[in-house]
$ cat structure13.txt   # compact mmCIF, C-alpha atoms
# COMPACT_ATOMS: atom_id res chain seq x y z
CA MET D 1 -5.70 1.52 -19.11
CA ASP D 2 -8.27 3.75 -20.78
CA ARG D 3 -10.17 5.76 -18.14
CA ARG D 4 -12.38 7.79 -20.45
CA TRP D 5 -16.16 7.64 -20.07
CA PRO D 6 -17.87 5.60 -22.76
CA GLN D 7 -19.36 7.82 -25.43
CA ARG D 8 -23.14 8.02 -25.30
CA ARG D 9 -25.31 8.59 -28.30
CA ARG D 10 -26.59 12.14 -28.22
CA GLU D 11 -30.34 12.50 -27.84
CA THR D 12 -32.33 14.39 -30.40
CA TRP D 13 -34.45 17.27 -29.15
CA GLU D 14 -37.55 15.14 -29.58
CA GLU D 15 -36.03 12.29 -27.53
CA THR D 16 -34.99 14.75 -24.81
CA ARG D 17 -38.47 16.26 -24.73
CA LEU D 18 -40.14 12.85 -24.51
CA ARG D 19 -37.75 11.72 -21.75
CA LEU D 20 -38.36 14.88 -19.72
CA VAL D 21 -42.13 14.58 -20.11
CA ALA D 22 -42.00 10.92 -19.00
CA GLU D 23 -39.79 11.73 -15.98
CA THR D 24 -42.04 14.62 -14.95
CA SER D 25 -45.14 12.46 -15.35
CA ALA D 26 -43.64 9.69 -13.20
CA TYR D 27 -42.62 12.20 -10.51
CA LEU D 28 -46.06 13.86 -10.37
CA THR D 29 -47.83 10.47 -10.34
CA GLU D 30 -45.70 9.36 -7.39
CA CYS D 31 -46.38 12.63 -5.56
CA LEU D 32 -50.11 12.22 -6.07
CA ARG D 33 -49.95 8.61 -4.80
CA HIS D 34 -48.17 9.72 -1.62
CA PRO D 35 -49.38 13.19 -0.58
CA GLU D 36 -48.13 12.55 2.96
CA LEU D 37 -44.57 12.96 1.65
CA ALA D 38 -45.22 16.44 0.26
CA VAL D 39 -43.19 19.32 1.62
CA ARG D 40 -45.50 21.94 3.10
CA ILE D 41 -44.26 25.44 2.36
CA PRO D 42 -45.22 27.96 5.05
CA VAL D 43 -46.83 31.13 3.70
CA VAL D 44 -48.02 34.47 5.04
CA PRO D 45 -49.63 37.28 3.09
CA ALA D 46 -47.01 39.74 1.85
CA GLY D 47 -46.61 42.78 4.07
CA GLU D 48 -48.77 41.35 6.88
CA ALA D 49 -46.23 39.32 8.81
CA GLU D 50 -42.65 38.11 8.87
CA PHE D 51 -41.21 34.70 9.52
CA PRO D 52 -38.87 34.37 12.48
CA PRO D 53 -35.27 33.47 11.54
CA SER D 54 -35.67 30.12 13.32
CA LEU D 55 -38.29 29.10 10.75
CA THR D 56 -35.68 29.32 8.01
CA VAL D 57 -33.59 26.68 9.76
CA ALA D 58 -36.60 24.56 10.69
CA PHE D 59 -37.88 24.58 7.10
CA TRP D 60 -34.67 24.25 5.05
CA ASP D 61 -32.56 21.91 7.18
CA PRO D 62 -34.72 18.80 6.61
CA ILE D 63 -34.94 19.54 2.89
CA LEU D 64 -31.29 20.36 2.26
CA LEU D 65 -29.61 18.02 4.74
CA ASP D 66 -31.56 14.77 4.19

$ encode --input "structure13.txt" --output "structure tokens"
Amino acid sequence: MDRRWPQRRRETWEETRLRLVAETSAYLTECLRHPELAVRIPVVPAGEAEFPPSLTVAFWDPILLD
């Protein structure tokens, strides 16, 4: 039994570029259609405040563990 992956045709640089542009466009379009799904990144002006360590867990856990 041959367990090798089927060989795919290699993309040209132009095909890769066009595919990446299309994927990025689709992603941004979907994000703009559903702004309620956006991840809000908490910010504070540099040097004026610090985030408590608990905010790290509260922010990253839903993003990394979903």

$ atom_distance --input "structure13.txt" --atom1 "atom CA of D:Leu37" --atom2 "atom CA of D:Pro62"
12.5 Å

$ atom_distance --input "structure13.txt" --atom1 "atom CA of D:Ala22" --atom2 "atom CA of D:Val39"
22.3 Å

$ atom_distance --input "structure13.txt" --atom1 "atom CA of D:Thr12" --atom2 "atom CA of D:Tyr27"
22.5 Å

$ residues_around --input "structure13.txt" --residues "D:Ile41" --least-positions-apart "2" --cutoff "12 Å" --atoms "all atoms listed in the file" --output "VMD selection string"
chain D and resid 38 to 39 43 to 44 55 to 56 58 to 60 63

$ axis_aligned_box --input "structure13.txt" --around "stretch 18-27 of chain D" --padding-each-side "4 Å" --output "AutoDock Vina command-line options"
--center_x -41.4 --center_y 12.3 --center_z -17.5 --size_x 15.4 --size_y 13.2 --size_z 22.0

$ decode --input "structure13.txt" --residues "stretch 15-35 of chain D" --atoms "N, CA and C atoms" --output "short mmCIF file (atom, residue, chain, number, x, y, z; two decimals), in the first residue's frame"
data_model
loop_
_atom_site.label_atom_id
_atom_site.label_comp_id
_atom_site.auth_asym_id
_atom_site.auth_seq_id
_atom_site.Cartn_x
_atom_site.Cartn_y
_atom_site.Cartn_z
N GLU D 15 0.43 32.94 -8.84
CA GLU D 15 -0.72 32.20 -8.33
C GLU D 15 -0.78 32.28 -6.81
N THR D 16 0.36 32.19 -6.16
CA THR D 16 0.41 32.30 -4.70
C THR D 16 -0.06 33.68 -4.26
N ARG D 17 0.46 34.71 -4.94
CA ARG D 17 0.07 36.08 -4.60
C ARG D 17 -1.43 36.28 -4.78
N LEU D 18 -1.97 35.82 -5.90
CA LEU D 18 -3.41 35.98 -6.15
C LEU D 18 -4.24 35.21 -5.12
N ARG D 19 -3.81 34.02 -4.75
CA ARG D 19 -4.53 33.23 -3.75
C ARG D 19 -4.52 33.93 -2.39
N LEU D 20 -3.35 34.45 -2.00
CA LEU D 20 -3.26 35.14 -0.71
C LEU D 20 -4.10 36.42 -0.68
N VAL D 21 -4.10 37.15 -1.78
CA VAL D 21 -4.93 38.36 -1.86
C VAL D 21 -6.41 37.99 -1.75
N ALA D 22 -6.82 36.93 -2.44
CA ALA D 22 -8.23 36.51 -2.40
C ALA D 22 -8.62 36.04 -0.99
N GLU D 23 -7.74 35.27 -0.34
CA GLU D 23 -8.04 34.80 1.02
C GLU D 23 -8.12 35.96 2.00
N THR D 24 -7.20 36.91 1.88
CA THR D 24 -7.21 38.08 2.76
C THR D 24 -8.46 38.92 2.53
N SER D 25 -8.83 39.09 1.27
CA SER D 25 -10.04 39.85 0.94
C SER D 25 -11.28 39.19 1.53
N ALA D 26 -11.39 37.88 1.40
CA ALA D 26 -12.54 37.16 1.95
C ALA D 26 -12.59 37.28 3.46
N TYR D 27 -11.44 37.18 4.11
CA TYR D 27 -11.37 37.30 5.58
C TYR D 27 -11.81 38.70 6.02
N LEU D 28 -11.26 39.73 5.40
CA LEU D 28 -11.62 41.10 5.78
C LEU D 28 -13.08 41.40 5.50
N THR D 29 -13.61 40.91 4.38
CA THR D 29 -15.02 41.11 4.07
C THR D 29 -15.90 40.48 5.14
N GLU D 30 -15.55 39.27 5.56
CA GLU D 30 -16.34 38.59 6.60
C GLU D 30 -16.25 39.35 7.92
N CYS D 31 -15.07 39.84 8.25
CA CYS D 31 -14.91 40.62 9.49
C CYS D 31 -15.75 41.89 9.45
N LEU D 32 -15.80 42.54 8.31
CA LEU D 32 -16.59 43.76 8.20
C LEU D 32 -18.09 43.46 8.25
N ARG D 33 -18.50 42.28 7.76
CA ARG D 33 -19.92 41.90 7.83
C ARG D 33 -20.35 41.58 9.26
N HIS D 34 -19.42 41.12 10.08
CA HIS D 34 -19.74 40.70 11.44
C HIS D 34 -18.81 41.34 12.47
N PRO D 35 -18.93 42.66 12.67
CA PRO D 35 -18.03 43.33 13.62
C PRO D 35 -18.22 42.86 15.06
#
